[in-house]
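Novice: Following this line is start-v1.pdb, made up of PDB, N, CA and C atoms:
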ATOM      1  N   MET J   1     165.723  74.488 149.524  1.00  0.00           N
ATOM      2  CA  MET J   1     164.623  74.523 150.477  1.00  0.00           C
ATOM      3  C   MET J   1     163.323  74.229 149.729  1.00  0.00           C
ATOM      4  N   ALA J   2     162.590  73.218 150.159  1.00  0.00           N
ATOM      5  CA  ALA J   2     161.328  72.848 149.516  1.00  0.00           C
ATOM      6  C   ALA J   2     160.224  73.799 149.958  1.00  0.00           C
ATOM      7  N   LYS J   3     159.416  74.218 148.998  1.00  0.00           N
ATOM      8  CA  LYS J   3     158.291  75.093 149.306  1.00  0.00           C
ATOM      9  C   LYS J   3     157.019  74.263 149.307  1.00  0.00           C
ATOM     10  N   THR J   4     156.211  74.455 150.332  1.00  0.00           N
ATOM     11  CA  THR J   4     154.919  73.781 150.375  1.00  0.00           C
ATOM     12  C   THR J   4     153.922  74.660 149.635  1.00  0.00           C
ATOM     13  N   ILE J   5     153.225  74.072 148.704  1.00  0.00           N
ATOM     14  CA  ILE J   5     152.201  74.792 147.962  1.00  0.00           C
ATOM     15  C   ILE J   5     150.852  74.312 148.471  1.00  0.00           C
ATOM     16  N   PHE J   6     150.067  75.234 148.980  1.00  0.00           N
ATOM     17  CA  PHE J   6     148.747  74.897 149.488  1.00  0.00           C
ATOM     18  C   PHE J   6     147.719  75.126 148.395  1.00  0.00           C
ATOM     19  N   LYS J   7     146.634  74.361 148.454  1.00  0.00           N
ATOM     20  CA  LYS J   7     145.566  74.461 147.474  1.00  0.00           C
ATOM     21  C   LYS J   7     144.313  75.003 148.142  1.00  0.00           C
ATOM     22  N   ALA J   8     143.466  75.646 147.362  1.00  0.00           N
ATOM     23  CA  ALA J   8     142.200  76.160 147.869  1.00  0.00           C
ATOM     24  C   ALA J   8     141.416  75.025 148.512  1.00  0.00           C
ATOM     25  N   GLY J   9     140.857  75.296 149.675  1.00  0.00           N
ATOM     26  CA  GLY J   9     140.062  74.311 150.385  1.00  0.00           C
ATOM     27  C   GLY J   9     140.817  73.551 151.460  1.00  0.00           C
ATOM     28  N   GLN J  10     142.151  73.611 151.438  1.00  0.00           N
ATOM     29  CA  GLN J  10     142.925  72.912 152.467  1.00  0.00           C
ATOM     30  C   GLN J  10     142.848  73.678 153.786  1.00  0.00           C
ATOM     31  N   ASN J  11     142.875  72.939 154.888  1.00  0.00           N
ATOM     32  CA  ASN J  11     142.868  73.540 156.215  1.00  0.00           C
ATOM     33  C   ASN J  11     144.302  73.693 156.701  1.00  0.00           C
ATOM     34  N   VAL J  12     144.601  74.875 157.227  1.00  0.00           N
ATOM     35  CA  VAL J  12     145.946  75.188 157.689  1.00  0.00           C
ATOM     36  C   VAL J  12     145.884  75.858 159.056  1.00  0.00           C
ATOM     37  N   SER J  13     147.007  75.833 159.744  1.00  0.00           N
ATOM     38  CA  SER J  13     147.126  76.553 161.014  1.00  0.00           C
ATOM     39  C   SER J  13     148.330  77.481 160.920  1.00  0.00           C
ATOM     40  N   LEU J  14     148.351  78.477 161.782  1.00  0.00           N
ATOM     41  CA  LEU J  14     149.466  79.415 161.825  1.00  0.00           C
ATOM     42  C   LEU J  14     150.588  78.818 162.661  1.00  0.00           C
ATOM     43  N   GLN J  15     151.819  78.856 162.156  1.00  0.00           N
ATOM     44  CA  GLN J  15     152.965  78.345 162.907  1.00  0.00           C
ATOM     45  C   GLN J  15     153.395  79.343 163.973  1.00  0.00           C
ATOM     46  N   SER J  16     153.368  80.619 163.642  1.00  0.00           N
ATOM     47  CA  SER J  16     153.774  81.665 164.579  1.00  0.00           C
ATOM     48  C   SER J  16     152.619  82.632 164.774  1.00  0.00           C
ATOM     49  N   ARG J  17     152.385  82.996 166.023  1.00  0.00           N
ATOM     50  CA  ARG J  17     151.313  83.944 166.344  1.00  0.00           C
ATOM     51  C   ARG J  17     151.886  85.231 166.952  1.00  0.00           C
ATOM     52  N   VAL J  18     153.173  85.449 166.777  1.00  0.00           N
ATOM     53  CA  VAL J  18     153.830  86.623 167.329  1.00  0.00           C
ATOM     54  C   VAL J  18     153.153  87.886 166.779  1.00  0.00           C
ATOM     55  N   GLY J  19     152.776  88.770 167.676  1.00  0.00           N
ATOM     56  CA  GLY J  19     152.177  90.040 167.285  1.00  0.00           C
ATOM     57  C   GLY J  19     150.684  89.978 166.985  1.00  0.00           C
ATOM     58  N   LEU J  20     150.076  88.802 167.113  1.00  0.00           N
ATOM     59  CA  LEU J  20     148.647  88.670 166.837  1.00  0.00           C
ATOM     60  C   LEU J  20     147.838  88.748 168.129  1.00  0.00           C
ATOM     61  N   SER J  21     146.621  89.226 168.018  1.00  0.00           N
ATOM     62  CA  SER J  21     145.706  89.258 169.145  1.00  0.00           C
ATOM     63  C   SER J  21     145.387  87.830 169.590  1.00  0.00           C
ATOM     64  N   PRO J  22     145.199  87.610 170.875  1.00  0.00           N
ATOM     65  CA  PRO J  22     144.804  86.277 171.343  1.00  0.00           C
ATOM     66  C   PRO J  22     143.455  85.835 170.748  1.00  0.00           C
ATOM     67  N   LYS J  23     142.653  86.779 170.287  1.00  0.00           N
ATOM     68  CA  LYS J  23     141.355  86.461 169.692  1.00  0.00           C
ATOM     69  C   LYS J  23     141.466  85.994 168.240  1.00  0.00           C
ATOM     70  N   THR J  24     142.644  86.169 167.633  1.00  0.00           N
ATOM     71  CA  THR J  24     142.842  85.728 166.251  1.00  0.00           C
ATOM     72  C   THR J  24     142.763  84.213 166.205  1.00  0.00           C
ATOM     73  N   PRO J  25     141.892  83.660 165.347  1.00  0.00           N
ATOM     74  CA  PRO J  25     141.788  82.201 165.277  1.00  0.00           C
ATOM     75  C   PRO J  25     143.092  81.574 164.811  1.00  0.00           C
ATOM     76  N   SER J  26     143.257  80.279 165.101  1.00  0.00           N
ATOM     77  CA  SER J  26     144.496  79.610 164.720  1.00  0.00           C
ATOM     78  C   SER J  26     144.315  78.687 163.518  1.00  0.00           C
ATOM     79  N   GLU J  27     143.073  78.327 163.198  1.00  0.00           N
ATOM     80  CA  GLU J  27     142.828  77.438 162.070  1.00  0.00           C
ATOM     81  C   GLU J  27     142.061  78.182 160.977  1.00  0.00           C
ATOM     82  N   PHE J  28     142.513  77.956 159.729  1.00  0.00           N
ATOM     83  CA  PHE J  28     141.951  78.661 158.587  1.00  0.00           C
ATOM     84  C   PHE J  28     141.788  77.707 157.411  1.00  0.00           C
ATOM     85  N   THR J  29     141.012  78.148 156.431  1.00  0.00           N
ATOM     86  CA  THR J  29     140.884  77.440 155.161  1.00  0.00           C
ATOM     87  C   THR J  29     141.524  78.306 154.087  1.00  0.00           C
ATOM     88  N   VAL J  30     142.329  77.706 153.224  1.00  0.00           N
ATOM     89  CA  VAL J  30     142.965  78.445 152.135  1.00  0.00           C
ATOM     90  C   VAL J  30     141.903  78.806 151.100  1.00  0.00           C
ATOM     91  N   LEU J  31     141.820  80.096 150.770  1.00  0.00           N
ATOM     92  CA  LEU J  31     140.897  80.546 149.735  1.00  0.00           C
ATOM     93  C   LEU J  31     141.581  80.582 148.376  1.00  0.00           C
ATOM     94  N   MET J  32     142.801  81.127 148.333  1.00  0.00           N
ATOM     95  CA  MET J  32     143.536  81.222 147.065  1.00  0.00           C
ATOM     96  C   MET J  32     144.990  81.581 147.318  1.00  0.00           C
ATOM     97  N   ARG J  33     145.806  81.257 146.322  1.00  0.00           N
ATOM     98  CA  ARG J  33     147.201  81.693 146.356  1.00  0.00           C
ATOM     99  C   ARG J  33     147.255  83.059 145.695  1.00  0.00           C
ATOM    100  N   LEU J  34     148.024  83.933 146.276  1.00  0.00           N
ATOM    101  CA  LEU J  34     148.204  85.282 145.758  1.00  0.00           C
ATOM    102  C   LEU J  34     149.573  85.379 145.092  1.00  0.00           C
ATOM    103  N   PRO J  35     149.817  86.455 144.350  1.00  0.00           N
ATOM    104  CA  PRO J  35     151.151  86.634 143.764  1.00  0.00           C
ATOM    105  C   PRO J  35     152.216  86.665 144.862  1.00  0.00           C
ATOM    106  N   ASP J  36     153.389  86.126 144.543  1.00  0.00           N
ATOM    107  CA  ASP J  36     154.486  86.098 145.506  1.00  0.00           C
ATOM    108  C   ASP J  36     154.876  87.505 145.932  1.00  0.00           C
ATOM    109  N   ASN J  37     155.346  87.621 147.164  1.00  0.00           N
ATOM    110  CA  ASN J  37     155.836  88.871 147.707  1.00  0.00           C
ATOM    111  C   ASN J  37     157.329  88.699 147.957  1.00  0.00           C
ATOM    112  N   GLN J  38     158.149  89.283 147.125  1.00  0.00           N
ATOM    113  CA  GLN J  38     159.609  89.187 147.207  1.00  0.00           C
ATOM    114  C   GLN J  38     160.055  87.720 147.236  1.00  0.00           C
ATOM    115  N   GLY J  39     159.436  86.928 146.384  1.00  0.00           N
ATOM    116  CA  GLY J  39     159.803  85.523 146.259  1.00  0.00           C
ATOM    117  C   GLY J  39     159.145  84.600 147.266  1.00  0.00           C
ATOM    118  N   ASN J  40     158.301  85.134 148.145  1.00  0.00           N
ATOM    119  CA  ASN J  40     157.620  84.328 149.154  1.00  0.00           C
ATOM    120  C   ASN J  40     156.156  84.132 148.781  1.00  0.00           C
ATOM    121  N   ALA J  41     155.694  82.884 148.829  1.00  0.00           N
ATOM    122  CA  ALA J  41     154.295  82.587 148.521  1.00  0.00           C
ATOM    123  C   ALA J  41     153.383  83.234 149.553  1.00  0.00           C
ATOM    124  N   GLN J  42     152.241  83.755 149.085  1.00  0.00           N
ATOM    125  CA  GLN J  42     151.241  84.352 149.960  1.00  0.00           C
ATOM    126  C   GLN J  42     149.897  83.700 149.678  1.00  0.00           C
ATOM    127  N   TYR J  43     149.070  83.627 150.713  1.00  0.00           N
ATOM    128  CA  TYR J  43     147.753  83.016 150.584  1.00  0.00           C
ATOM    129  C   TYR J  43     146.699  83.861 151.277  1.00  0.00           C
ATOM    130  N   ARG J  44     145.510  83.881 150.707  1.00  0.00           N
ATOM    131  CA  ARG J  44     144.357  84.470 151.388  1.00  0.00           C
ATOM    132  C   ARG J  44     143.698  83.314 152.118  1.00  0.00           C
ATOM    133  N   ILE J  45     143.532  83.476 153.440  1.00  0.00           N
ATOM    134  CA  ILE J  45     142.967  82.416 154.267  1.00  0.00           C
ATOM    135  C   ILE J  45     141.789  82.975 155.060  1.00  0.00           C
ATOM    136  N   ARG J  46     140.882  82.081 155.465  1.00  0.00           N
ATOM    137  CA  ARG J  46     139.677  82.520 156.169  1.00  0.00           C
ATOM    138  C   ARG J  46     139.286  81.508 157.239  1.00  0.00           C
ATOM    139  N   ASN J  47     138.837  82.052 158.384  1.00  0.00           N
ATOM    140  CA  ASN J  47     138.241  81.248 159.433  1.00  0.00           C
ATOM    141  C   ASN J  47     136.744  81.538 159.375  1.00  0.00           C
ATOM    142  N   GLU J  48     135.967  80.561 158.903  1.00  0.00           N
ATOM    143  CA  GLU J  48     134.525  80.750 158.703  1.00  0.00           C
ATOM    144  C   GLU J  48     133.787  81.031 159.998  1.00  0.00           C
ATOM    145  N   ALA J  49     134.142  80.344 161.079  1.00  0.00           N
ATOM    146  CA  ALA J  49     133.425  80.480 162.344  1.00  0.00           C
ATOM    147  C   ALA J  49     133.449  81.921 162.864  1.00  0.00           C
ATOM    148  N   MET J  50     134.583  82.591 162.695  1.00  0.00           N
ATOM    149  CA  MET J  50     134.722  83.955 163.200  1.00  0.00           C
ATOM    150  C   MET J  50     134.630  85.004 162.093  1.00  0.00           C
ATOM    151  N   GLY J  51     134.555  84.555 160.851  1.00  0.00           N
ATOM    152  CA  GLY J  51     134.509  85.494 159.744  1.00  0.00           C
ATOM    153  C   GLY J  51     135.798  86.285 159.608  1.00  0.00           C
ATOM    154  N   HIS J  52     136.889  85.687 160.048  1.00  0.00           N
ATOM    155  CA  HIS J  52     138.200  86.357 160.035  1.00  0.00           C
ATOM    156  C   HIS J  52     138.961  85.939 158.787  1.00  0.00           C
ATOM    157  N   GLU J  53     139.344  86.935 157.984  1.00  0.00           N
ATOM    158  CA  GLU J  53     140.081  86.673 156.756  1.00  0.00           C
ATOM    159  C   GLU J  53     141.374  87.468 156.789  1.00  0.00           C
ATOM    160  N   ARG J  54     142.454  86.861 156.273  1.00  0.00           N
ATOM    161  CA  ARG J  54     143.755  87.545 156.277  1.00  0.00           C
ATOM    162  C   ARG J  54     144.632  87.011 155.161  1.00  0.00           C
ATOM    163  N   VAL J  55     145.718  87.722 154.904  1.00  0.00           N
ATOM    164  CA  VAL J  55     146.750  87.274 153.969  1.00  0.00           C
ATOM    165  C   VAL J  55     147.934  86.832 154.816  1.00  0.00           C
ATOM    166  N   GLU J  56     148.479  85.668 154.496  1.00  0.00           N
ATOM    167  CA  GLU J  56     149.577  85.126 155.299  1.00  0.00           C
ATOM    168  C   GLU J  56     150.639  84.528 154.388  1.00  0.00           C
ATOM    169  N   GLN J  57     151.898  84.628 154.807  1.00  0.00           N
ATOM    170  CA  GLN J  57     153.004  84.022 154.089  1.00  0.00           C
ATOM    171  C   GLN J  57     152.879  82.505 154.164  1.00  0.00           C
ATOM    172  N   GLY J  58     153.176  81.822 153.083  1.00  0.00           N
ATOM    173  CA  GLY J  58     153.131  80.367 153.069  1.00  0.00           C
ATOM    174  C   GLY J  58     154.077  79.751 154.085  1.00  0.00           C
ATOM    175  N   SER J  59     155.187  80.424 154.362  1.00  0.00           N
ATOM    176  CA  SER J  59     156.164  79.900 155.317  1.00  0.00           C
ATOM    177  C   SER J  59     155.629  79.890 156.746  1.00  0.00           C
ATOM    178  N   ASN J  60     154.531  80.601 157.008  1.00  0.00           N
ATOM    179  CA  ASN J  60     153.936  80.637 158.345  1.00  0.00           C
ATOM    180  C   ASN J  60     152.716  79.726 158.449  1.00  0.00           C
ATOM    181  N   LEU J  61     152.455  78.932 157.413  1.00  0.00           N
ATOM    182  CA  LEU J  61     151.294  78.051 157.417  1.00  0.00           C
ATOM    183  C   LEU J  61     151.727  76.590 157.507  1.00  0.00           C
ATOM    184  N   GLU J  62     150.910  75.811 158.174  1.00  0.00           N
ATOM    185  CA  GLU J  62     151.157  74.382 158.314  1.00  0.00           C
ATOM    186  C   GLU J  62     149.857  73.650 157.977  1.00  0.00           C
ATOM    187  N   LEU J  63     149.949  72.631 157.146  1.00  0.00           N
ATOM    188  CA  LEU J  63     148.786  71.861 156.737  1.00  0.00           C
ATOM    189  C   LEU J  63     148.228  71.075 157.918  1.00  0.00           C
ATOM    190  N   ILE J  64     146.912  71.138 158.082  1.00  0.00           N
ATOM    191  CA  ILE J  64     146.234  70.325 159.095  1.00  0.00           C
ATOM    192  C   ILE J  64     145.765  69.067 158.385  1.00  0.00           C
ATOM    193  N   GLU J  65     146.315  67.946 158.771  1.00  0.00           N
ATOM    194  CA  GLU J  65     145.963  66.681 158.151  1.00  0.00           C
ATOM    195  C   GLU J  65     144.560  66.277 158.577  1.00  0.00           C
ATOM    196  N   PRO J  66     143.719  65.871 157.620  1.00  0.00           N
ATOM    197  CA  PRO J  66     142.375  65.422 157.981  1.00  0.00           C
ATOM    198  C   PRO J  66     142.459  64.140 158.812  1.00  0.00           C
ATOM    199  N   GLU J  67     141.547  64.030 159.781  1.00  0.00           N
ATOM    200  CA  GLU J  67     141.519  62.827 160.604  1.00  0.00           C
ATOM    201  C   GLU J  67     141.007  61.660 159.799  1.00  0.00           C
ATOM    202  N   GLU J  68     141.648  60.513 159.988  1.00  0.00           N
ATOM    203  CA  GLU J  68     141.216  59.312 159.275  1.00  0.00           C
ATOM    204  C   GLU J  68     140.006  58.726 159.988  1.00  0.00           C
ATOM    205  N   THR J  69     139.054  58.245 159.195  1.00  0.00           N
ATOM    206  CA  THR J  69     137.881  57.614 159.785  1.00  0.00           C
ATOM    207  C   THR J  69     138.112  56.109 159.855  1.00  0.00           C
ATOM    208  N   ALA J  70     137.704  55.515 160.952  1.00  0.00           N
ATOM    209  CA  ALA J  70     137.950  54.086 161.148  1.00  0.00           C
ATOM    210  C   ALA J  70     136.897  53.241 160.484  1.00  0.00           C
TER     211      ALA J  70
END
Translate the structure of the given file into structure tokens.
Specialist:
Amino acid sequence: MAKTIFKAGQNVSLQSRVGLSPKTPSEFTVLMRLPDNQGNAQYRIRNEAMGHERVEQGSNLELIEPEETA
């Protein structure tokens, strides 16, 4: 199974929102990678607009591809 490694500054979205408040933002910026938790990558992520910061498993994050400019 390939693991996606995210880098600081990349924009990501949550794949699953189960158990989260509807007010929890869906798009975040990766701040840093944290030590693995039982072999699973963890990241500190932040939504600047709402000032919402959280720790999330890498397996629940999906990279948001930047839009290409024409």
Novice: Return as lines of an AutoDock Vina configuration file the centre and edge lengths, in Å with one decimal, of the box along x, y and z that encloses every atom of segment 50-55 of chain J in the file, padded by 8 Å per side.
Specialist:
center_x = 141.2
center_y = 85.2
center_z = 158.6
size_x = 29.4
size_y = 21.1
size_z = 25.2
Novice: Selected by the PyMOL selection byres (((chain J and resi 46 and name CA) around 10) and name CA) in the shown coordinates: which residues, as number ranges by chain?
Specialist: J: 11-12, 25, 27-32, 43-45, 47-55
Novice: Name the residues in contact with Ser59 of chain J at a cut-off of 10 Å, using only C-alpha atoms, excluding same-chain residues fewer than 4 positions from it; report them as a PDB file with N, CA and C atoms, in the coordinates of the input.
Specialist:
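New file part.pdb:
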ATOM      1  N   LYS J   3     159.416  74.218 148.998  1.00  0.00           N
ATOM      2  CA  LYS J   3     158.291  75.093 149.306  1.00  0.00           C
ATOM      3  C   LYS J   3     157.019  74.263 149.307  1.00  0.00           C
ATOM      4  N   THR J   4     156.211  74.455 150.332  1.00  0.00           N
ATOM      5  CA  THR J   4     154.919  73.781 150.375  1.00  0.00           C
ATOM      6  C   THR J   4     153.922  74.660 149.635  1.00  0.00           C
ATOM      7  N   ILE J   5     153.225  74.072 148.704  1.00  0.00           N
ATOM      8  CA  ILE J   5     152.201  74.792 147.962  1.00  0.00           C
ATOM      9  C   ILE J   5     150.852  74.312 148.471  1.00  0.00           C
ATOM     10  N   LEU J  14     148.351  78.477 161.782  1.00  0.00           N
ATOM     11  CA  LEU J  14     149.466  79.415 161.825  1.00  0.00           C
ATOM     12  C   LEU J  14     150.588  78.818 162.661  1.00  0.00           C
ATOM     13  N   GLN J  15     151.819  78.856 162.156  1.00  0.00           N
ATOM     14  CA  GLN J  15     152.965  78.345 162.907  1.00  0.00           C
ATOM     15  C   GLN J  15     153.395  79.343 163.973  1.00  0.00           C
ATOM     16  N   SER J  16     153.368  80.619 163.642  1.00  0.00           N
ATOM     17  CA  SER J  16     153.774  81.665 164.579  1.00  0.00           C
ATOM     18  C   SER J  16     152.619  82.632 164.774  1.00  0.00           C
ATOM     19  N   ASN J  40     158.301  85.134 148.145  1.00  0.00           N
ATOM     20  CA  ASN J  40     157.620  84.328 149.154  1.00  0.00           C
ATOM     21  C   ASN J  40     156.156  84.132 148.781  1.00  0.00           C
ATOM     22  N   ALA J  41     155.694  82.884 148.829  1.00  0.00           N
ATOM     23  CA  ALA J  41     154.295  82.587 148.521  1.00  0.00           C
ATOM     24  C   ALA J  41     153.383  83.234 149.553  1.00  0.00           C
ATOM     25  N   GLN J  42     152.241  83.755 149.085  1.00  0.00           N
ATOM     26  CA  GLN J  42     151.241  84.352 149.960  1.00  0.00           C
ATOM     27  C   GLN J  42     149.897  83.700 149.678  1.00  0.00           C
TER      28      GLN J  42
END
Novice: Enumerate the residues of chain J with a DSSP assignment of strand (DSSP E or B), computed from the backbone, and present them as a VMD selection string.
Specialist: chain J and resid 11 to 14 27 to 37 40 to 47 52 to 57 61 to 63
Novice: Grab the atom CA of Ala8 of chain J to atom C of Lys23 of chain J distance for me, in Å with one decimal place.
Specialist: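 A separation of 22.6 Å between them.
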Novice: Grab the atom CA of Pro66 of chain J to atom CA of Gly39 of chain J distance for me, in Å with one decimal place.
Specialist: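 Atom CA of Gly39 of chain J lies 29.1 Å from atom CA of Pro66 of chain J.
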Novice: Can you measure atom C of Gln38 of chain J to atom CA of Leu20 of chain J for me? One decimal in Å is fine.
Specialist: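 Going from atom C of Gln38 of chain J over to atom CA of Leu20 of chain J, I get 22.7 Å.
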Novice: Taking all atoms listed in the file into account, name the residue in J:Glu65, J:Asn37, J:Gly58, J:Gly19 that is nearest to Phe6 of chain J.
Specialist: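 The answer is J:Gly58, which sits nearest to Phe6 of chain J.
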